file input_26.cif (mmCIF, C-alpha atoms)
data_target
loop_
_atom_site.label_atom_id
_atom_site.label_comp_id
_atom_site.auth_asym_id
_atom_site.auth_seq_id
_atom_site.Cartn_x
_atom_site.Cartn_y
_atom_site.Cartn_z
CA MET M 1 85.69 72.24 113.08
CA PRO M 2 86.81 68.77 111.91
CA THR M 3 89.95 68.45 109.84
CA LYS M 4 89.33 67.68 106.19
CA GLN M 5 91.03 64.48 105.09
CA ALA M 6 93.30 64.82 102.07
CA ALA M 7 91.69 63.53 98.90
CA PRO M 8 93.43 60.45 97.50
CA ARG M 9 95.70 61.15 94.55
CA GLY M 10 95.17 58.05 92.46
CA THR M 11 95.68 57.43 88.77
CA THR M 12 92.27 58.70 87.60
CA THR M 13 92.53 61.71 85.31
CA LEU M 14 90.14 64.13 83.64
CA SER M 15 90.22 65.85 80.28
CA GLY M 16 92.18 69.06 80.70
CA ARG M 17 90.58 70.58 77.60
CA LYS M 18 87.05 69.99 78.89
CA TRP M 19 87.95 71.27 82.32
CA ILE M 20 89.38 74.50 80.95
CA GLY M 21 86.34 74.81 78.71
CA ALA M 22 84.20 75.04 81.84
CA ALA M 23 86.26 77.92 83.27
CA GLN M 24 83.92 80.62 81.99
CA ALA M 25 80.97 78.87 83.63
CA SER M 26 82.80 78.83 86.99
CA VAL M 27 83.30 82.60 86.88
CA ASP M 28 79.78 83.18 85.56
CA SER M 29 78.40 81.32 88.58
CA ILE M 30 79.91 84.08 90.76
CA LEU M 31 79.55 87.20 88.62
CA GLY M 32 76.65 86.42 86.28
CA ASP M 33 76.20 88.99 83.53
CA ALA M 34 79.09 91.05 84.96
CA SER M 35 81.63 88.33 84.14
CA PRO M 36 84.69 89.26 82.09
CA LYS M 37 86.17 86.97 79.48
CA VAL M 38 88.04 84.00 80.96
CA SER M 39 91.16 82.79 79.14
CA SER M 40 93.72 80.06 79.80
CA ARG M 41 97.42 80.56 79.19
CA GLY M 42 100.75 80.50 80.98
CA GLY M 43 101.41 79.13 84.43
CA SER M 44 99.57 81.49 86.78
CA PHE M 45 96.24 83.15 87.53
CA PHE M 46 95.72 86.88 87.18
CA ASN M 47 92.92 89.36 86.75
CA VAL M 48 92.86 92.47 84.56
CA ASN M 49 90.53 95.11 85.97
CA ARG M 50 90.43 98.72 87.16
CA TRP M 51 91.96 98.10 90.59
CA THR M 52 91.80 101.71 91.78
CA ALA M 53 92.90 101.06 95.38
CA ARG M 54 95.87 98.96 94.23
CA ILE M 55 96.83 101.61 91.67
CA LEU M 56 96.53 104.39 94.24
CA PHE M 57 98.73 102.71 96.83
CA GLY M 58 101.24 101.70 94.21
CA ARG M 59 101.45 105.35 93.17
CA LEU M 60 101.89 106.49 96.77
CA THR M 61 104.77 104.02 97.07
CA GLU M 62 106.44 105.40 93.96
CA SER M 63 106.01 108.98 95.15
CA ILE M 64 107.80 108.27 98.42
CA ARG M 65 110.70 106.79 96.46
CA TYR M 66 110.95 110.04 94.52
CA GLY M 67 111.65 111.85 97.78
CA ASN M 68 108.21 113.33 98.42
CA GLU M 69 106.85 113.87 101.91
CA MET M 70 103.42 112.33 102.38
CA GLY M 71 100.83 115.08 102.11
CA GLU M 72 98.00 116.50 100.05
CA ASP M 73 100.00 116.85 96.81
CA VAL M 74 101.08 113.19 96.92
CA VAL M 75 97.58 111.93 97.73
CA ARG M 76 95.87 114.00 95.05
CA ASN M 77 98.45 112.96 92.45
CA ALA M 78 97.79 109.29 93.27
CA LEU M 79 94.02 109.83 93.20
CA ASP M 80 94.21 111.46 89.77
CA LEU M 81 96.05 108.43 88.41
CA ALA M 82 93.78 105.85 90.05
CA ASN M 83 90.49 107.51 89.14
CA GLY M 84 91.72 108.29 85.64
CA THR M 85 92.58 104.67 84.91
CA SER M 86 90.45 102.83 82.38
CA VAL M 87 90.60 99.18 81.40
CA PRO M 88 89.07 98.68 77.96
CA LYS M 89 89.12 94.89 78.23
CA ARG M 90 88.60 93.11 81.53
CA GLU M 91 89.92 89.57 81.62
CA ILE M 92 90.54 86.72 84.04
CA VAL M 93 93.44 84.51 83.00
CA ILE M 94 93.78 81.04 84.49
CA ALA M 95 96.79 78.78 84.31
CA ALA M 96 96.94 76.34 81.42
CA VAL M 97 96.67 72.65 82.29
CA PRO M 98 97.95 69.48 80.56
CA ASP M 99 95.73 67.29 78.39
CA ARG M 100 94.99 65.00 81.33
CA ILE M 101 94.75 66.29 84.90
CA PRO M 102 94.09 64.56 88.24
CA PRO M 103 90.83 65.43 90.03
CA TRP M 104 92.57 67.25 92.92
CA LEU M 105 94.32 69.59 90.47
CA ALA M 106 91.04 70.18 88.64
CA ARG M 107 89.34 71.16 91.90
CA SER M 108 92.17 73.53 92.87
CA SER M 109 91.88 75.12 89.42
CA VAL M 110 88.22 75.85 90.13
CA GLY M 111 89.31 77.40 93.43
CA GLY M 112 91.64 79.71 91.52
CA ARG M 113 88.76 80.80 89.27
CA TYR M 114 86.57 81.53 92.29
CA HIS M 115 89.35 83.55 93.90
CA GLU M 116 89.76 85.77 90.85
CA ALA M 117 86.00 86.19 90.48
CA TRP M 118 85.74 87.21 94.13
CA HIS M 119 88.29 89.95 93.51
CA ASP M 120 85.92 91.32 90.86
CA LEU M 121 83.01 91.01 93.28
CA TYR M 122 84.57 92.41 96.46
CA SER M 123 87.79 94.33 95.69
CA CYS M 124 87.94 98.05 94.95
CA THR M 125 87.37 99.13 91.34
CA ARG M 126 85.38 102.31 92.09
CA ASP M 127 86.42 105.96 92.07
CA LEU M 128 88.04 107.11 95.31
CA THR M 129 87.73 110.42 97.15
CA PHE M 130 90.35 112.54 98.87
CA ASP M 131 88.63 112.48 102.26
CA GLU M 132 88.27 108.69 102.46
CA ILE M 133 91.98 108.27 101.66
CA ASN M 134 93.74 111.19 103.30
CA GLY M 135 92.25 110.89 106.79
CA PRO M 136 92.99 107.18 107.44
CA LEU M 137 96.34 107.43 105.65
CA MET M 138 97.66 110.36 107.68
CA ALA M 139 96.30 108.87 110.92
CA ARG M 140 98.68 105.92 110.40
CA TRP M 141 101.57 107.72 108.74
CA ASP M 142 102.97 109.09 112.00
CA SER M 143 103.33 105.57 113.43
CA LEU M 144 106.79 105.35 111.78
CA ASP M 145 109.45 108.02 111.43
CA ASP M 146 110.42 106.80 107.96
CA TRP M 147 108.11 104.70 105.79
CA GLY M 148 110.56 104.68 102.89
CA PRO M 149 112.02 101.19 103.50
CA PHE M 150 108.60 99.71 104.25
CA VAL M 151 106.14 100.97 101.63
CA GLY M 152 106.71 97.88 99.49
CA ALA M 153 105.86 95.68 102.47
CA VAL M 154 102.52 97.49 102.82
CA LEU M 155 101.61 96.41 99.29
CA THR M 156 102.54 92.80 100.06
CA TRP M 157 100.63 92.67 103.34
CA GLY M 158 97.67 94.44 101.75
CA ASN M 159 97.40 91.62 99.22
CA VAL M 160 97.55 88.98 101.97
CA ILE M 161 94.83 90.66 104.03
CA GLU M 162 92.59 91.26 101.02
CA ASP M 163 92.82 87.56 100.10
CA ILE M 164 91.67 86.69 103.62
CA ARG M 165 88.70 89.06 103.33
CA ILE M 166 87.46 88.00 99.91
CA GLU M 167 87.87 84.26 100.48
CA ARG M 168 86.07 84.30 103.83
CA HIS M 169 83.13 86.22 102.39
CA GLY M 170 83.17 84.19 99.18
CA CYS M 171 83.03 80.86 100.99
CA ARG M 172 80.13 82.11 103.12
CA GLU M 173 78.12 83.53 100.22
CA PHE M 174 78.69 80.70 97.75
CA PRO M 175 77.96 77.29 99.28
CA GLY M 176 79.96 74.50 97.68
CA SER M 177 83.05 76.63 97.09
CA GLN M 178 84.82 75.75 100.34
CA ASP M 179 86.24 72.38 99.24
CA LYS M 180 87.66 73.86 96.03
CA MET M 181 89.33 76.63 98.01
CA GLU M 182 90.80 74.08 100.39
CA ASP M 183 92.24 72.15 97.45
CA LEU M 184 93.73 75.39 96.13
CA GLN M 185 95.27 76.16 99.52
CA ASP M 186 96.74 72.64 99.72
CA LEU M 187 98.31 73.15 96.30
CA ILE M 188 99.84 76.47 97.42
CA LEU M 189 101.22 74.84 100.57
CA ASP M 190 102.77 72.07 98.45
CA MET M 191 104.45 74.61 96.18
CA GLU M 192 105.78 76.61 99.12
CA SER M 193 107.15 73.49 100.78
CA GLU M 194 108.87 72.39 97.57
CA GLY M 195 110.37 75.84 97.08
CA ARG M 196 111.68 75.95 100.64
CA THR M 197 113.19 72.49 100.30
CA ALA M 198 114.88 73.44 97.03
CA ALA M 199 116.33 76.59 98.63
CA GLU M 200 117.67 74.59 101.57
CA HIS M 201 119.28 72.06 99.23
CA ARG M 202 121.00 74.88 97.36
CA GLY M 203 122.18 76.50 100.58
CA LEU M 204 120.25 79.69 99.82
CA PRO M 205 119.56 82.02 102.77
CA THR M 206 116.02 82.11 104.12
CA ASN M 207 114.31 84.31 106.69
CA ASP M 208 112.19 81.77 108.51
CA ASP M 209 110.97 84.28 111.08
CA MET M 210 109.26 86.52 108.54
CA ALA M 211 108.14 83.57 106.41
CA VAL M 212 106.44 82.10 109.48
CA VAL M 213 104.88 85.43 110.49
CA MET M 214 103.34 85.97 107.07
CA GLY M 215 102.45 82.31 106.49
CA ALA M 216 100.80 81.91 109.89
CA PHE M 217 98.91 85.20 109.54
CA ARG M 218 97.64 84.21 106.10
CA ASP M 219 96.72 80.62 106.92
CA LEU M 220 95.05 81.36 110.25
CA GLY M 221 93.26 84.23 108.56
CA LEU M 222 91.93 82.05 105.75
CA GLY M 223 90.86 79.43 108.28
CA TYR M 224 90.89 76.32 106.08
CA GLN M 225 90.95 72.97 107.88
CA THR M 226 92.83 70.26 105.99
CA GLU M 227 95.50 67.77 106.95
CA LYS M 228 98.10 69.72 105.00
CA GLN M 229 97.06 72.98 106.59
CA LYS M 230 97.29 71.44 110.05
CA ALA M 231 100.78 70.16 109.22
CA ALA M 232 101.80 73.58 107.88
CA LEU M 233 100.66 75.31 111.08
CA ALA M 234 102.60 72.81 113.17
CA GLY M 235 105.61 73.46 110.94
CA TYR M 236 105.38 77.20 111.53
CA GLN M 237 105.48 76.67 115.30
CA LYS M 238 108.57 74.48 114.99
CA ARG M 239 110.47 76.67 112.51
CA SER M 240 110.01 79.92 114.42
CA PRO M 241 108.32 79.78 117.82
CA ALA M 242 108.87 83.53 118.21
CA GLY M 243 107.22 84.28 114.87
CA TRP M 244 104.31 81.99 115.71
CA ARG M 245 103.75 83.68 119.08
CA LEU M 246 103.88 87.11 117.48
CA VAL M 247 100.85 86.18 115.36
CA THR M 248 98.89 84.03 117.81
CA GLU M 249 99.37 85.86 121.10
CA GLY M 250 101.56 88.90 120.44
CA PRO M 251 100.86 92.35 118.98
CA LEU M 252 99.74 90.93 115.61
CA LYS M 253 96.93 88.87 117.18
CA PRO M 254 94.34 91.70 117.36
CA LEU M 255 95.26 92.70 113.80
CA LEU M 256 94.71 89.12 112.63
CA ASP M 257 91.31 89.14 114.35
CA ARG M 258 90.39 92.30 112.45
CA ALA M 259 91.48 90.74 109.14
CA ILE M 260 89.22 87.75 109.83
CA THR M 261 86.17 89.91 110.59
CA MET M 262 86.73 92.65 107.98
CA GLY M 263 83.44 93.63 106.36
CA ARG M 264 82.17 92.58 102.97
CA ASP M 265 82.07 96.16 101.68
CA ASP M 266 85.25 97.36 103.38
CA ASP M 267 87.26 97.52 100.16
CA LEU M 268 89.98 99.80 101.59
CA GLY M 269 90.33 98.20 105.02
CA HIS M 270 93.10 95.83 103.96
CA TRP M 271 95.41 98.75 103.15
CA TRP M 272 94.87 100.48 106.49
CA LEU M 273 95.36 97.21 108.36
CA ALA M 274 98.48 96.44 106.30
CA MET M 275 100.00 99.75 107.39
CA GLU M 276 99.36 98.82 111.02
CA VAL M 277 100.90 95.36 110.56
CA VAL M 278 104.03 96.78 108.91
CA ALA M 279 104.35 99.47 111.60
CA VAL M 280 104.31 96.77 114.29
CA LEU M 281 106.93 94.67 112.50
CA ALA M 282 109.15 97.67 111.75
CA SER M 283 108.99 98.83 115.37
CA LEU M 284 109.88 95.36 116.65
CA GLY M 285 112.80 95.19 114.24
CA LYS M 286 114.04 98.59 115.40
CA GLN M 287 113.83 97.54 119.05
CA THR M 288 115.82 94.39 118.30
CA GLN M 289 118.51 96.35 116.46
CA GLN M 290 118.80 98.84 119.35
CA GLN M 291 119.49 96.16 121.97
CA PRO M 292 123.03 96.62 123.37
CA PRO M 293 125.54 94.03 122.13
CA SER M 294 126.83 91.43 124.55
CA GLY M 295 129.37 88.67 124.55
CA ASP M 296 126.64 86.06 124.41
CA PRO M 297 125.62 84.49 121.08
CA PRO M 298 122.33 85.68 119.56
CA PRO M 299 119.25 83.84 120.84
CA GLN M 300 118.23 80.74 118.94
CA GLY M 301 114.98 78.85 118.62
CA ASP M 302 112.08 80.34 120.54
CA GLU M 303 114.00 83.12 122.27
CA GLY M 304 113.62 86.72 121.24
CA GLN M 305 111.38 88.37 118.65
CA PRO M 306 111.70 87.73 114.93
CA GLN M 307 113.54 90.45 113.04
CA PRO M 308 111.27 91.62 110.23
CA GLN M 309 112.79 92.25 106.85
CA PRO M 310 109.97 93.56 104.69
CA PRO M 311 109.71 92.02 101.25
CA GLY M 312 109.94 94.19 98.18
CA PRO M 313 106.82 95.24 96.32
CA PRO M 314 105.10 92.46 94.39
CA SER M 315 105.05 92.56 90.60
CA ASP M 316 101.78 93.87 89.24
CA ASP M 317 99.99 91.03 87.47
CA ASP M 318 97.44 93.37 85.94
CA CYS M 319 99.60 94.39 82.99
CA ASP M 320 102.76 93.45 81.15
CA GLY M 321 105.73 95.75 80.69
CA GLU M 322 106.55 97.13 77.28
CA GLY M 323 110.28 96.58 77.14
CA GLY M 324 112.45 99.63 77.33
CA LYS M 325 115.09 98.00 79.52
CA GLY M 326 118.44 99.64 79.07
CA LYS M 327 116.96 102.61 77.20
CA PRO M 328 117.38 106.13 78.60
CA PRO M 329 114.15 107.82 79.75
CA PRO M 330 112.58 110.13 77.14
CA PHE M 331 112.63 113.03 79.65
CA PRO M 332 114.93 113.87 82.58
CA LEU M 333 113.65 112.39 85.85
CA PHE M 334 113.72 114.51 89.00
CA LYS M 335 113.43 113.79 92.70
CA VAL M 336 112.53 116.17 95.49
CA GLY M 337 115.55 118.35 96.25
CA ASP M 338 116.99 118.27 92.73
CA ARG M 339 117.94 121.64 91.27
CA ALA M 340 117.99 122.85 87.69
CA LYS M 341 117.86 126.05 85.66
CA ALA M 342 114.36 126.75 84.36
CA LYS M 343 114.31 127.08 80.57
CA ARG M 344 110.91 128.72 80.14
CA GLY M 345 108.04 130.33 82.00
CA ALA M 346 108.09 132.92 84.75
CA TYR M 347 111.28 131.49 86.24
CA ALA M 348 113.25 131.14 83.00
CA GLY M 349 116.98 131.42 83.64
CA LYS M 350 116.61 130.99 87.42
CA ILE M 351 117.71 128.05 89.56
CA VAL M 352 114.73 126.18 90.96
CA GLU M 353 114.48 123.30 93.43
CA VAL M 354 111.96 120.49 93.03
CA THR M 355 109.48 120.41 95.94
CA PHE M 356 107.19 117.70 94.52
CA ALA M 357 108.11 115.04 91.97
CA GLY M 358 105.36 112.78 90.72
CA PRO M 359 106.34 109.40 89.28
CA PRO M 360 106.57 109.51 85.47
CA ASP M 361 103.51 108.67 83.40
CA GLU M 362 103.53 106.17 80.53
CA ASP M 363 105.17 108.78 78.30
CA GLY M 364 107.89 109.54 80.85
CA ARG M 365 106.53 112.94 81.92
CA GLN M 366 106.41 113.94 85.58
CA SER M 367 104.12 116.25 87.50
CA LEU M 368 106.54 118.70 89.15
CA LYS M 369 106.35 121.56 91.61
CA PHE M 370 109.34 123.73 92.42
CA ALA M 371 110.50 126.86 94.18
CA VAL M 372 113.07 129.46 93.17
CA VAL M 373 116.39 129.10 94.96
CA GLU M 374 117.20 132.45 96.48
CA ASP M 375 120.71 133.79 95.93
#

call {"tool": "encode", "arguments": {"input": "input_26.cif", "output": "structure tokens"}}
result
Amino acid sequence: MPTKQAAPRGTTTLSGRKWIGAAQASVDSILGDASPKVSSRGGSFFNVNRWTARILFGRLTESIRYGNEMGEDVVRNALDLANGTSVPKREIVIAAVPDRIPPWLARSSVGGRYHEAWHDLYSCTRDLTFDEINGPLMARWDSLDDWGPFVGAVLTWGNVIEDIRIERHGCREFPGSQDKMEDLQDLILDMESEGRTAAEHRGLPTNDDMAVVMGAFRDLGLGYQTEKQKAALAGYQKRSPAGWRLVTEGPLKPLLDRAITMGRDDDLGHWWLAMEVVAVLASLGKQTQQQPPSGDPPPQGDEGQPQPQPPGPPSDDDCDGEGGKGKPPPFPLFKVGDRAKAKRGAYAGKIVEVTFAGPPDEDGRQSLKFAVVED
């Protein structure tokens, strides 16, 4: 496929107000009568909807951090939260723009609108069942001895893989969208390059291995062909040859191929594939750490495997927090293994140990199970 030449960035500008005014029409062209309201504010794009799969996996992550072992109680607790979620007002929010904007920025803004609309079209907002979650989840859970340090990374990788899926299907189903998505990708690459340069100038530490692994996986998965994308791919190879090989010819290659070919209606596949990606990276990191020390310096450049350090869980753009920082919780919070004296019920006055601790709801209450501690 030929490389797309970068559009010239001259002095011509467009009316930002008129361009934003057309935002609703861009989303309507994808979703028709099912379109939510489109608003413009702030500096980023986000989408408010009933993201049941995202809510479920976020809940599973929280449950593990409360000391629970993955099992039926944890899965059913997460399902209850996800399926019980309602969103009274769906909304797509696009970044505000200045009064005058250059054409390339206008096109990338349209790409952002398409991306959010494709989430509404392809991503999971339906009710989920125990069987479709528990089987695939438990089949992958045994691939690591301890998922605790890595559950946040599953959320991050799930987002990356889902973006690959929806953008590939969106570009195929909606002719004329490809060039806008390429402009959006070029803008993202510019922002990442500027951020990396700023960090280097400030002497901030960076993990180029993992940045290359995730960047190469994402960009090869999306498959856009522009001059900037070609330069970014070449940059990945130079910055971390080991990370590049891991994605292009190592154990992540078949997982990348599956991300590229993931089905239009496979709205849970990105989570299962994300678990497999994280398990591979965690296992490689463990192998590297277990290598016996020697008097030689650590390998540089293209020698050795990258050491994965999973990123923390992304912030949820679907809602804003309601303050409360620094305030004590309205109810005591328990983790699995905590003990307390029951104040009421059949076990009043007895010492009980928490065997399941659900994350607190919006009022601060937890779903708890416990057993009496025998004297």

call {"tool": "closest_residue", "arguments": {"input": "input_26.cif", "among": "M:Glu173, M:Asp186, M:Asp142, M:Asp338", "to": "M:Asp219", "atoms": "only C-alpha atoms"}}
result
M:Asp186

call {"tool": "closest_residue", "arguments": {"input": "input_26.cif", "among": "M:Leu137, M:Ile260, M:Ala342, M:Val352", "to": "M:Val75", "atoms": "all atoms listed in the file"}}
result
M:Leu137

call {"tool": "residues_around", "arguments": {"input": "input_26.cif", "residues": "stretch 95-97 of chain M", "least_positions_apart": "2", "cutoff": "10 Å", "atoms": "all atoms listed in the file", "output": "NGL selection string"}}
result
:M and (15-17 or 19-20 or 39-46 or 93 or 99-101 or 105-106 or 109 or 112-113)

call {"tool": "atom_distance", "arguments": {"input": "input_26.cif", "atom1": "atom CA of M:Gln225", "atom2": "atom CA of M:Leu187"}}
result
13.7 Å

call {"tool": "atom_distance", "arguments": {"input": "input_26.cif", "atom1": "atom CA of M:Trp147", "atom2": "atom CA of M:Gly221"}}
result
25.4 Å

call {"tool": "build_atoms", "arguments": {"input": "input_26.cif", "residues": "stretch 18-38 of chain M", "atoms": "N, CA, C and O atoms", "output": "short mmCIF file (atom, residue, chain, number, x, y, z; two decimals), keeping the file's coordinate frame"}}
result
data_model
loop_
_atom_site.label_atom_id
_atom_site.label_comp_id
_atom_site.auth_asym_id
_atom_site.auth_seq_id
_atom_site.Cartn_x
_atom_site.Cartn_y
_atom_site.Cartn_z
N LYS M 18 88.44 69.80 78.45
CA LYS M 18 87.05 69.99 78.89
C LYS M 18 87.00 70.81 80.17
O LYS M 18 86.10 71.62 80.36
N TRP M 19 87.95 70.56 81.05
CA TRP M 19 87.95 71.27 82.32
C TRP M 19 88.19 72.77 82.11
O TRP M 19 87.52 73.60 82.71
N ILE M 20 89.13 73.10 81.26
CA ILE M 20 89.38 74.50 80.95
C ILE M 20 88.18 75.11 80.23
O ILE M 20 87.83 76.27 80.44
N GLY M 21 87.51 74.30 79.41
CA GLY M 21 86.34 74.81 78.71
C GLY M 21 85.22 75.23 79.65
O GLY M 21 84.37 76.06 79.29
N ALA M 22 85.23 74.69 80.86
CA ALA M 22 84.20 75.04 81.84
C ALA M 22 84.60 76.24 82.70
O ALA M 22 83.85 76.64 83.60
N ALA M 23 85.77 76.83 82.43
CA ALA M 23 86.26 77.92 83.27
C ALA M 23 85.33 79.12 83.26
O ALA M 23 85.07 79.75 84.29
N GLN M 24 84.81 79.47 82.08
CA GLN M 24 83.92 80.62 81.99
C GLN M 24 82.67 80.40 82.85
O GLN M 24 82.20 81.32 83.53
N ALA M 25 82.17 79.17 82.84
CA ALA M 25 80.97 78.87 83.63
C ALA M 25 81.24 79.03 85.12
O ALA M 25 80.36 79.48 85.88
N SER M 26 82.46 78.68 85.57
CA SER M 26 82.80 78.83 86.99
C SER M 26 82.75 80.30 87.40
O SER M 26 82.20 80.65 88.46
N VAL M 27 83.31 81.17 86.57
CA VAL M 27 83.30 82.60 86.88
C VAL M 27 81.89 83.17 86.75
O VAL M 27 81.45 83.99 87.57
N ASP M 28 81.15 82.71 85.73
CA ASP M 28 79.78 83.18 85.56
C ASP M 28 78.91 82.84 86.76
O ASP M 28 77.98 83.58 87.10
N SER M 29 79.20 81.72 87.42
CA SER M 29 78.40 81.32 88.58
C SER M 29 78.57 82.30 89.74
O SER M 29 77.72 82.38 90.62
N ILE M 30 79.66 83.07 89.72
CA ILE M 30 79.91 84.08 90.76
C ILE M 30 79.42 85.45 90.30
O ILE M 30 78.74 86.16 91.04
N LEU M 31 79.75 85.83 89.08
CA LEU M 31 79.55 87.20 88.62
C LEU M 31 78.36 87.38 87.69
O LEU M 31 77.96 88.52 87.42
N GLY M 32 77.81 86.30 87.17
CA GLY M 32 76.65 86.42 86.28
C GLY M 32 76.95 87.23 85.04
O GLY M 32 77.98 87.06 84.39
N ASP M 33 76.04 88.17 84.74
CA ASP M 33 76.20 88.99 83.53
C ASP M 33 77.39 89.94 83.61
O ASP M 33 77.80 90.50 82.59
N ALA M 34 77.94 90.14 84.80
CA ALA M 34 79.09 91.05 84.96
C ALA M 34 80.42 90.35 84.74
O ALA M 34 81.48 90.94 84.96
N SER M 35 80.39 89.10 84.31
CA SER M 35 81.63 88.33 84.14
C SER M 35 82.48 88.88 83.00
O SER M 35 81.95 89.22 81.94
N PRO M 36 83.80 88.95 83.21
CA PRO M 36 84.69 89.26 82.09
C PRO M 36 84.99 87.99 81.30
O PRO M 36 84.56 86.89 81.68
N LYS M 37 85.72 88.13 80.23
CA LYS M 37 86.17 86.97 79.48
C LYS M 37 87.18 86.19 80.31
O LYS M 37 88.03 86.77 80.99
N VAL M 38 87.10 84.86 80.26
CA VAL M 38 88.04 84.00 80.96
C VAL M 38 88.90 83.28 79.92
O VAL M 38 88.38 82.65 79.01
#
